[in-house]
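First up is the structure itself, then whatever we jot down about it.
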Amino acid sequence: MHRVVALVRPVQSTFELGVAAEVFGTTRAGLPRHYEFEVCAEAPGPVPTTAGYAMAVAHGLEALESAGTVLVPGWAPVEAPLPARVRQALRQAHARGARLVSICSGVFALARTGLLDGRSATAHSSRAEQLAREFPRVRVEPGALYVDHGDVATSAGAGAAVDLCLHLVRRDHGAEYAARLARHMVLPPHRDDGREPAGEDEFAALLAWAEERLGTPLPVAELAARLNVSPRTLARRFADRVGTSPGAWLLSRRVAAARTLLAETDLPVEAVAARVGLASAVNLRRRFRERVGTTPGAYRRALRAP
């Protein structure tokens with residue numbers, strides 16, 4: 001069971017937290033349950049909310065130590081600093097292999113960890129300029145509903161959190177399961193706003209097909225041919241759907257797969273590189289340092305340290 005832990009703070013948005021709870025924490029008749037959902041805070045106890053009531057939070061930052069996904073459902077006010085303990089807990093969770101996800105203003109918390117430096121991210125249109133100004137090393141994509149790098153994902157406004165959360169479910173468990181969940185929530189599988197055609201599962205199927213073949217060459221022309229579109233059209237679809245290019249998406253998935261193999265196997269670095277399609281240990285080390293901030297060997301040692 002994949003554990004999703006939401007890190008909340010005063011004053012917590014009930015809608016942004018509710019989106020995550022609906023997607024990851026609600027048991028639905030006829031649908032297998034793949035996620036466990038928990039809420040934690042830096043200081044457990046009553047946490048005020050935007051709805052005027054306080055919610056009781058039982059868990060502290062230790063809950064992040066076993067999370068598969070750490071979700072930050074908003075960060076208000078956005079100018080609030082990130083406490084050192086919270087920053088350390090988020091970075092340690094990421095280094096251990098957890099996926100970090102922000103909803104709306106939560107991107108400001110992720111930006112303060114440094115994990116978005118040199119990478120693209122999105123934010124609510126009213127905050128995009130501020131995000132770009134305060135964090136010049138983050139490439140802000142204000143037109144994207146969400147941006148997913150595999151290990152770190154951000155969404156635009158609170159409504160876009162629904163799109164991002166369903167995208168993560170689609171990535172974790174396939175387009176069919178995500179579509180069934182969306183129908184149960186009386187939502188379209190993809191937003192029908194001119195950016196993502198409603199009911200179009202071909203793109204999700206392409207991503208799943210590519211992830212199953214990361215160890216093989218996957219030229220953009222071949223990916224485009226599977227959708228019967230031109231490489232330029234494919235690039236636009238990638239930009240709209242995942243906020244990046246086909247090549248950058250493939251690299252993010254290959255690095256994510258390498259992290260899993262380093263954590264769960266004793267394969268030599270050269271073998272890991274071959275399995276995820278990065279050709280050589282030298283290339284894996286270079287790409288790994290760019291994306292994760294350390295070497296494959298150091299990453300494996302850190303995971304296995306007592």
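Chain lettering (A, B, ...) mirrors the order of the structure tokens, residue numbering begins at 1 for each chain separately, and ligand numbering begins at 1 in order of display.
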*Exercise: Arg275 in chain A partners within 12 Å, only C-alpha atoms, chain neighbours under 5 positions left out, as a list in words*: Glu211, Glu212, Arg213, Leu214, Gly215, Thr216, Pro217, Arg254, Val255, Ala257, Ala258, Arg259, Thr260, Leu261, Leu262, Leu267, Pro268, Val269, Glu270, Ser280, Ala281 and Leu284 of chain A
Can those selected residues be exported to a file as a PDB file, in the first residue's frame so that it contains N, CA and C atoms?
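So the final result, stored in result_26.pdb, reads:
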```pdb
ATOM      1  N   GLU A 211       7.215   3.874 -20.223  1.00  0.00           N
ATOM      2  CA  GLU A 211       7.815   3.513 -18.932  1.00  0.00           C
ATOM      3  C   GLU A 211       8.165   2.041 -18.857  1.00  0.00           C
ATOM      4  N   GLU A 212       7.429   1.213 -19.576  1.00  0.00           N
ATOM      5  CA  GLU A 212       7.740  -0.221 -19.596  1.00  0.00           C
ATOM      6  C   GLU A 212       8.966  -0.532 -20.443  1.00  0.00           C
ATOM      7  N   ARG A 213       9.443   0.448 -21.217  1.00  0.00           N
ATOM      8  CA  ARG A 213      10.556   0.217 -22.149  1.00  0.00           C
ATOM      9  C   ARG A 213      11.696   1.207 -21.947  1.00  0.00           C
ATOM     10  N   LEU A 214      11.886   1.656 -20.714  1.00  0.00           N
ATOM     11  CA  LEU A 214      12.918   2.658 -20.456  1.00  0.00           C
ATOM     12  C   LEU A 214      14.312   2.157 -20.815  1.00  0.00           C
ATOM     13  N   GLY A 215      14.529   0.855 -20.764  1.00  0.00           N
ATOM     14  CA  GLY A 215      15.849   0.311 -21.079  1.00  0.00           C
ATOM     15  C   GLY A 215      16.159   0.253 -22.549  1.00  0.00           C
ATOM     16  N   THR A 216      15.220   0.653 -23.400  1.00  0.00           N
ATOM     17  CA  THR A 216      15.431   0.625 -24.849  1.00  0.00           C
ATOM     18  C   THR A 216      15.465   2.042 -25.395  1.00  0.00           C
ATOM     19  N   PRO A 217      16.044   2.249 -26.576  1.00  0.00           N
ATOM     20  CA  PRO A 217      15.998   3.588 -27.191  1.00  0.00           C
ATOM     21  C   PRO A 217      14.541   3.975 -27.473  1.00  0.00           C
ATOM     22  N   ARG A 254      13.689   7.854 -16.220  1.00  0.00           N
ATOM     23  CA  ARG A 254      14.858   6.974 -16.141  1.00  0.00           C
ATOM     24  C   ARG A 254      15.605   7.183 -14.830  1.00  0.00           C
ATOM     25  N   VAL A 255      15.725   8.414 -14.413  1.00  0.00           N
ATOM     26  CA  VAL A 255      16.383   8.677 -13.133  1.00  0.00           C
ATOM     27  C   VAL A 255      15.531   8.124 -11.987  1.00  0.00           C
ATOM     28  N   ALA A 257      13.525   5.556 -12.135  1.00  0.00           N
ATOM     29  CA  ALA A 257      13.686   4.106 -12.158  1.00  0.00           C
ATOM     30  C   ALA A 257      15.041   3.705 -11.582  1.00  0.00           C
ATOM     31  N   ALA A 258      16.065   4.502 -11.856  1.00  0.00           N
ATOM     32  CA  ALA A 258      17.390   4.220 -11.298  1.00  0.00           C
ATOM     33  C   ALA A 258      17.364   4.316  -9.780  1.00  0.00           C
ATOM     34  N   ARG A 259      16.651   5.303  -9.261  1.00  0.00           N
ATOM     35  CA  ARG A 259      16.549   5.437  -7.811  1.00  0.00           C
ATOM     36  C   ARG A 259      15.919   4.195  -7.195  1.00  0.00           C
ATOM     37  N   THR A 260      14.896   3.677  -7.832  1.00  0.00           N
ATOM     38  CA  THR A 260      14.232   2.476  -7.319  1.00  0.00           C
ATOM     39  C   THR A 260      15.187   1.288  -7.326  1.00  0.00           C
ATOM     40  N   LEU A 261      15.915   1.095  -8.426  1.00  0.00           N
ATOM     41  CA  LEU A 261      16.851  -0.031  -8.507  1.00  0.00           C
ATOM     42  C   LEU A 261      17.984   0.107  -7.499  1.00  0.00           C
ATOM     43  N   LEU A 262      18.469   1.324  -7.298  1.00  0.00           N
ATOM     44  CA  LEU A 262      19.537   1.530  -6.322  1.00  0.00           C
ATOM     45  C   LEU A 262      19.053   1.225  -4.910  1.00  0.00           C
ATOM     46  N   LEU A 267      22.347  -4.323  -7.717  1.00  0.00           N
ATOM     47  CA  LEU A 267      22.943  -4.242  -9.053  1.00  0.00           C
ATOM     48  C   LEU A 267      24.055  -3.200  -9.093  1.00  0.00           C
ATOM     49  N   PRO A 268      25.153  -3.498  -9.790  1.00  0.00           N
ATOM     50  CA  PRO A 268      26.190  -2.479  -9.971  1.00  0.00           C
ATOM     51  C   PRO A 268      25.631  -1.274 -10.711  1.00  0.00           C
ATOM     52  N   VAL A 269      26.264  -0.131 -10.528  1.00  0.00           N
ATOM     53  CA  VAL A 269      25.792   1.101 -11.151  1.00  0.00           C
ATOM     54  C   VAL A 269      25.747   0.949 -12.675  1.00  0.00           C
ATOM     55  N   GLU A 270      26.707   0.258 -13.255  1.00  0.00           N
ATOM     56  CA  GLU A 270      26.716   0.053 -14.700  1.00  0.00           C
ATOM     57  C   GLU A 270      25.463  -0.710 -15.156  1.00  0.00           C
ATOM     58  N   SER A 280      25.493   4.122 -19.762  1.00  0.00           N
ATOM     59  CA  SER A 280      26.758   3.890 -19.060  1.00  0.00           C
ATOM     60  C   SER A 280      26.683   4.448 -17.650  1.00  0.00           C
ATOM     61  N   ALA A 281      27.596   3.949 -16.804  1.00  0.00           N
ATOM     62  CA  ALA A 281      27.661   4.450 -15.439  1.00  0.00           C
ATOM     63  C   ALA A 281      28.030   5.928 -15.415  1.00  0.00           C
ATOM     64  N   LEU A 284      24.878   7.850 -16.182  1.00  0.00           N
ATOM     65  CA  LEU A 284      23.979   7.790 -15.042  1.00  0.00           C
ATOM     66  C   LEU A 284      24.451   8.712 -13.931  1.00  0.00           C
TER      67      LEU A 284
END
```
*Polymer residues at most 7 Å from Thr154 in chain A, only C-alpha atoms, same-chain spacing of 5 or more positions, as number ranges by chain*: A: 101-103, 107, 121-122, 146-148
Save out the residues we just selected, N, CA and C atoms, as a short mmCIF file (atom, residue, chain, number, x, y, z; two decimals), in the first residue's frame.
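Now in part-v7.cif:
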```cif
data_model
loop_
_atom_site.label_atom_id
_atom_site.label_comp_id
_atom_site.auth_asym_id
_atom_site.auth_seq_id
_atom_site.Cartn_x
_atom_site.Cartn_y
_atom_site.Cartn_z
N VAL A 101 4.96 16.47 -3.61
CA VAL A 101 3.90 17.05 -4.43
C VAL A 101 3.36 18.29 -3.73
N SER A 102 3.19 19.37 -4.48
CA SER A 102 2.60 20.58 -3.91
C SER A 102 1.30 20.90 -4.61
N ILE A 103 0.38 21.49 -3.85
CA ILE A 103 -0.87 22.00 -4.38
C ILE A 103 -0.87 23.51 -4.23
N VAL A 107 3.82 25.18 -3.55
CA VAL A 107 5.05 25.25 -4.33
C VAL A 107 6.08 26.14 -3.67
N ALA A 121 8.36 24.41 -12.76
CA ALA A 121 7.28 24.27 -11.78
C ALA A 121 6.16 25.20 -12.20
N THR A 122 4.99 24.95 -11.66
CA THR A 122 3.86 25.83 -11.95
C THR A 122 3.28 26.36 -10.66
N TYR A 146 -0.24 21.39 -14.26
CA TYR A 146 0.70 20.76 -13.33
C TYR A 146 1.98 20.44 -14.07
N VAL A 147 3.04 20.26 -13.29
CA VAL A 147 4.34 19.87 -13.82
C VAL A 147 4.83 18.70 -12.97
N ASP A 148 5.14 17.59 -13.61
CA ASP A 148 5.54 16.38 -12.90
C ASP A 148 6.91 15.93 -13.39
#
```
*asked:* Just list as a PyMOL selection string whatever in range 23-265 of chain A DSSP marks as alpha helix (DSSP H).
replied: chain A and resi 23-25+84-96+106-113+128-134+160-173+175-184+202-211+220-227+231-242+246-264
Mind dumping the selected residues with C-alpha atoms as a compact mmCIF listing (two decimals), in the first residue's frame?
```txt
# COMPACT_ATOMS: atom_id res chain seq x y z
CA VAL A 23 -8.31 11.06 -4.34
CA PHE A 24 -5.94 9.18 -2.03
CA GLY A 25 -7.86 8.64 1.20
CA ALA A 84 14.58 24.18 9.40
CA ARG A 85 13.05 20.96 10.79
CA VAL A 86 10.44 20.87 8.03
CA ARG A 87 13.01 21.58 5.33
CA GLN A 88 15.24 18.79 6.61
CA ALA A 89 12.32 16.35 6.82
CA LEU A 90 11.22 17.10 3.25
CA ARG A 91 14.73 16.77 1.85
CA GLN A 92 15.31 13.53 3.75
CA ALA A 93 12.05 12.10 2.45
CA HIS A 94 13.06 13.04 -1.10
CA ALA A 95 16.52 11.54 -0.69
CA ARG A 96 14.90 8.33 0.56
CA GLY A 106 2.54 24.69 -1.54
CA VAL A 107 5.05 25.25 -4.33
CA PHE A 108 6.60 28.02 -2.21
CA ALA A 109 7.45 25.43 0.46
CA LEU A 110 9.00 23.09 -2.10
CA ALA A 111 10.95 25.96 -3.65
CA ARG A 112 12.46 26.72 -0.24
CA THR A 113 13.85 23.20 -0.01
CA ALA A 128 3.56 32.93 -10.69
CA GLU A 129 5.38 36.27 -10.96
CA GLN A 130 6.16 36.29 -7.24
CA LEU A 131 7.46 32.72 -7.40
CA ALA A 132 9.73 33.57 -10.33
CA ARG A 133 11.00 36.71 -8.60
CA GLU A 134 11.75 35.04 -5.27
CA ALA A 160 -5.67 22.01 -10.75
CA ALA A 161 -4.85 19.79 -7.78
CA VAL A 162 -7.61 17.46 -8.97
CA ASP A 163 -5.87 17.19 -12.36
CA LEU A 164 -2.48 16.54 -10.75
CA CYS A 165 -3.75 13.97 -8.25
CA LEU A 166 -5.60 12.02 -10.96
CA HIS A 167 -2.48 12.23 -13.13
CA LEU A 168 -0.44 10.67 -10.31
CA VAL A 169 -3.01 7.90 -9.91
CA ARG A 170 -2.89 7.36 -13.68
CA ARG A 171 0.88 7.12 -13.56
CA ASP A 172 0.85 4.78 -10.56
CA HIS A 173 -1.96 2.43 -11.59
CA ALA A 175 -5.33 5.05 -17.25
CA GLU A 176 -8.22 2.62 -16.74
CA TYR A 177 -8.07 2.74 -12.94
CA ALA A 178 -7.70 6.54 -12.94
CA ALA A 179 -10.68 6.87 -15.29
CA ARG A 180 -12.82 4.67 -13.01
CA LEU A 181 -11.82 6.78 -10.01
CA ALA A 182 -12.62 9.99 -11.89
CA ARG A 183 -16.04 8.66 -12.89
CA HIS A 184 -16.72 7.72 -9.27
CA GLU A 202 -4.07 7.52 -25.67
CA PHE A 203 -1.52 9.90 -24.19
CA ALA A 204 -1.64 8.19 -20.78
CA ALA A 205 -1.27 4.85 -22.55
CA LEU A 206 1.77 6.18 -24.41
CA LEU A 207 3.41 7.20 -21.12
CA ALA A 208 2.73 3.76 -19.64
CA TRP A 209 4.10 2.08 -22.79
CA ALA A 210 7.27 4.17 -22.65
CA GLU A 211 7.81 3.51 -18.93
CA VAL A 220 10.71 11.13 -30.17
CA ALA A 221 9.76 10.15 -33.71
CA GLU A 222 8.74 6.68 -32.51
CA LEU A 223 6.67 8.11 -29.66
CA ALA A 224 4.95 10.49 -32.06
CA ALA A 225 4.24 7.67 -34.51
CA ARG A 226 2.43 5.68 -31.83
CA LEU A 227 -0.03 8.56 -31.46
CA PRO A 231 7.01 15.24 -33.32
CA ARG A 232 6.06 18.92 -33.01
CA THR A 233 2.49 18.05 -32.03
CA LEU A 234 3.80 15.48 -29.56
CA ALA A 235 6.03 18.14 -28.00
CA ARG A 236 3.00 20.41 -27.57
CA ARG A 237 1.04 17.61 -25.92
CA PHE A 238 3.89 16.91 -23.51
CA ALA A 239 4.12 20.61 -22.69
CA ASP A 240 0.38 20.77 -22.01
CA ARG A 241 0.04 17.50 -20.16
CA VAL A 242 3.22 17.18 -18.10
CA PRO A 246 9.41 14.33 -24.29
CA GLY A 247 13.16 14.06 -23.77
CA ALA A 248 13.06 15.71 -20.36
CA TRP A 249 10.16 13.51 -19.29
CA LEU A 250 12.00 10.35 -20.38
CA LEU A 251 15.10 11.44 -18.48
CA SER A 252 13.07 12.09 -15.32
CA ARG A 253 11.49 8.64 -15.53
CA ARG A 254 14.86 6.97 -16.14
CA VAL A 255 16.38 8.68 -13.13
CA ALA A 256 13.34 7.73 -11.04
CA ALA A 257 13.69 4.11 -12.16
CA ALA A 258 17.39 4.22 -11.30
CA ARG A 259 16.55 5.44 -7.81
CA THR A 260 14.23 2.48 -7.32
CA LEU A 261 16.85 -0.03 -8.51
CA LEU A 262 19.54 1.53 -6.32
CA ALA A 263 17.24 1.31 -3.31
CA GLU A 264 15.82 -2.17 -3.90
```
_Using only C-alpha atoms, which protein or nucleic acid residues come within 7 Å of range 9-21 of chain A? Drop anything in the same chain fewer than 4 positions from it, and give the result as a PyMOL selection string._
chain A and resi 25-26+37+41+47-51+73-74+76+103+158+161-162+165
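Near Gly60 in chain A, within 10 Å and counting only C-alpha atoms, sit Leu7, Val39, Cys40, Ala41, Glu42, Ala43, Pro44, Gly45, Val57, Ala58, Glu62, Ala63 and Leu64 of chain A; same-chain residues fewer than 2 positions away were not included.
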Can you write just those residues out, N, CA and C atoms, as a PDB file, in the first residue's frame?
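This went into part-v4.pdb:
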```pdb
ATOM      1  N   LEU A   7       1.360  17.203   4.628  1.00  0.00           N
ATOM      2  CA  LEU A   7       1.973  18.045   5.652  1.00  0.00           C
ATOM      3  C   LEU A   7       1.179  19.345   5.731  1.00  0.00           C
ATOM      4  N   VAL A  39      -2.320  12.594   7.722  1.00  0.00           N
ATOM      5  CA  VAL A  39      -2.025  14.018   7.847  1.00  0.00           C
ATOM      6  C   VAL A  39      -1.026  14.192   8.984  1.00  0.00           C
ATOM      7  N   CYS A  40      -0.034  15.057   8.771  1.00  0.00           N
ATOM      8  CA  CYS A  40       0.927  15.341   9.831  1.00  0.00           C
ATOM      9  C   CYS A  40       1.196  16.843   9.873  1.00  0.00           C
ATOM     10  N   ALA A  41       1.833  17.284  10.942  1.00  0.00           N
ATOM     11  CA  ALA A  41       2.190  18.693  11.109  1.00  0.00           C
ATOM     12  C   ALA A  41       3.507  18.765  11.860  1.00  0.00           C
ATOM     13  N   GLU A  42       4.169  19.900  11.746  1.00  0.00           N
ATOM     14  CA  GLU A  42       5.418  20.064  12.502  1.00  0.00           C
ATOM     15  C   GLU A  42       5.137  19.916  13.994  1.00  0.00           C
ATOM     16  N   ALA A  43       4.033  20.501  14.454  1.00  0.00           N
ATOM     17  CA  ALA A  43       3.635  20.390  15.853  1.00  0.00           C
ATOM     18  C   ALA A  43       2.261  19.721  15.911  1.00  0.00           C
ATOM     19  N   PRO A  44       2.175  18.422  16.232  1.00  0.00           N
ATOM     20  CA  PRO A  44       0.880  17.744  16.297  1.00  0.00           C
ATOM     21  C   PRO A  44      -0.054  18.438  17.292  1.00  0.00           C
ATOM     22  N   GLY A  45      -1.346  18.288  17.046  1.00  0.00           N
ATOM     23  CA  GLY A  45      -2.337  18.933  17.899  1.00  0.00           C
ATOM     24  C   GLY A  45      -3.368  19.658  17.057  1.00  0.00           C
ATOM     25  N   VAL A  57      -4.577  16.922  14.571  1.00  0.00           N
ATOM     26  CA  VAL A  57      -3.525  16.222  13.821  1.00  0.00           C
ATOM     27  C   VAL A  57      -2.701  15.413  14.812  1.00  0.00           C
ATOM     28  N   ALA A  58      -2.691  14.106  14.624  1.00  0.00           N
ATOM     29  CA  ALA A  58      -2.061  13.222  15.605  1.00  0.00           C
ATOM     30  C   ALA A  58      -0.573  13.012  15.356  1.00  0.00           C
ATOM     31  N   GLU A  62       7.676  12.772  11.946  1.00  0.00           N
ATOM     32  CA  GLU A  62       8.138  11.378  11.826  1.00  0.00           C
ATOM     33  C   GLU A  62       7.293  10.601  10.815  1.00  0.00           C
ATOM     34  N   ALA A  63       6.074  11.059  10.545  1.00  0.00           N
ATOM     35  CA  ALA A  63       5.211  10.371   9.575  1.00  0.00           C
ATOM     36  C   ALA A  63       5.801  10.408   8.178  1.00  0.00           C
ATOM     37  N   LEU A  64       6.656  11.391   7.910  1.00  0.00           N
ATOM     38  CA  LEU A  64       7.239  11.512   6.566  1.00  0.00           C
ATOM     39  C   LEU A  64       8.301  10.450   6.315  1.00  0.00           C
TER      40      LEU A  64
END
```
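Nearest residue to Glu290 in chain A, choosing from A:Pro136, A:Gly52, A:Pro77, A:Gly118 and counting only C-alpha atoms: A:Gly118.
CA of Arg300 in chain A to CA of Ala98 in chain A spans 14.2 Å [interatomic distance, one decimal].
Considering only C-alpha atoms, the residue among A:Ser155, A:Ser125, A:Thr295, A:Thr265 positioned nearest to Val72 in chain A is A:Ser155.
Running DSSP on the backbone and keeping only strand (DSSP E), the residues of range 112-185 of chain A that qualify are Ser120, Ala121, Arg139, Val140, Tyr146, Val147, Asp148, Val152, Ala153, Thr154 and Ser155 of chain A.
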Requested write-out: N, CA and C atoms of the selected residues, as a PDB file, in the first residue's frame:
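Dumped to out20.pdb:
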```pdb
ATOM      1  N   SER A 120      11.509  23.030 -13.821  1.00  0.00           N
ATOM      2  CA  SER A 120      10.276  23.760 -14.074  1.00  0.00           C
ATOM      3  C   SER A 120       9.252  23.459 -12.988  1.00  0.00           C
ATOM      4  N   ALA A 121       8.358  24.413 -12.760  1.00  0.00           N
ATOM      5  CA  ALA A 121       7.284  24.270 -11.778  1.00  0.00           C
ATOM      6  C   ALA A 121       6.159  25.199 -12.196  1.00  0.00           C
ATOM      7  N   ARG A 139      12.227  27.490 -13.003  1.00  0.00           N
ATOM      8  CA  ARG A 139      11.617  27.886 -14.272  1.00  0.00           C
ATOM      9  C   ARG A 139      10.094  27.788 -14.120  1.00  0.00           C
ATOM     10  N   VAL A 140       9.461  28.921 -13.950  1.00  0.00           N
ATOM     11  CA  VAL A 140       8.024  28.945 -13.673  1.00  0.00           C
ATOM     12  C   VAL A 140       7.238  28.819 -14.971  1.00  0.00           C
ATOM     13  N   TYR A 146      -0.236  21.385 -14.260  1.00  0.00           N
ATOM     14  CA  TYR A 146       0.696  20.757 -13.330  1.00  0.00           C
ATOM     15  C   TYR A 146       1.982  20.438 -14.072  1.00  0.00           C
ATOM     16  N   VAL A 147       3.044  20.263 -13.291  1.00  0.00           N
ATOM     17  CA  VAL A 147       4.345  19.865 -13.820  1.00  0.00           C
ATOM     18  C   VAL A 147       4.832  18.699 -12.974  1.00  0.00           C
ATOM     19  N   ASP A 148       5.136  17.586 -13.613  1.00  0.00           N
ATOM     20  CA  ASP A 148       5.538  16.375 -12.902  1.00  0.00           C
ATOM     21  C   ASP A 148       6.907  15.931 -13.388  1.00  0.00           C
ATOM     22  N   VAL A 152       9.286  15.069  -8.071  1.00  0.00           N
ATOM     23  CA  VAL A 152       8.704  16.312  -7.562  1.00  0.00           C
ATOM     24  C   VAL A 152       7.629  16.758  -8.544  1.00  0.00           C
ATOM     25  N   ALA A 153       6.470  17.155  -8.021  1.00  0.00           N
ATOM     26  CA  ALA A 153       5.372  17.605  -8.881  1.00  0.00           C
ATOM     27  C   ALA A 153       4.700  18.814  -8.249  1.00  0.00           C
ATOM     28  N   THR A 154       4.264  19.750  -9.090  1.00  0.00           N
ATOM     29  CA  THR A 154       3.586  20.952  -8.618  1.00  0.00           C
ATOM     30  C   THR A 154       2.307  21.153  -9.419  1.00  0.00           C
ATOM     31  N   SER A 155       1.299  21.775  -8.794  1.00  0.00           N
ATOM     32  CA  SER A 155       0.057  22.090  -9.498  1.00  0.00           C
ATOM     33  C   SER A 155      -0.181  23.584  -9.437  1.00  0.00           C
TER      34      SER A 155
END
```
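Residue nearest Ala156 in chain A within the list A:Cys104, A:Tyr299, A:Ser245, A:Glu141: A:Cys104 [criterion: smallest interatomic distance, only C-alpha atoms].
Atom to atom, CA of Arg28 in chain A and CA of Val8 in chain A stand 24.5 Å apart.
With CA of Arg99 in chain A on one side and CA of Met55 in chain A on the other, the separation reads 25.1 Å.
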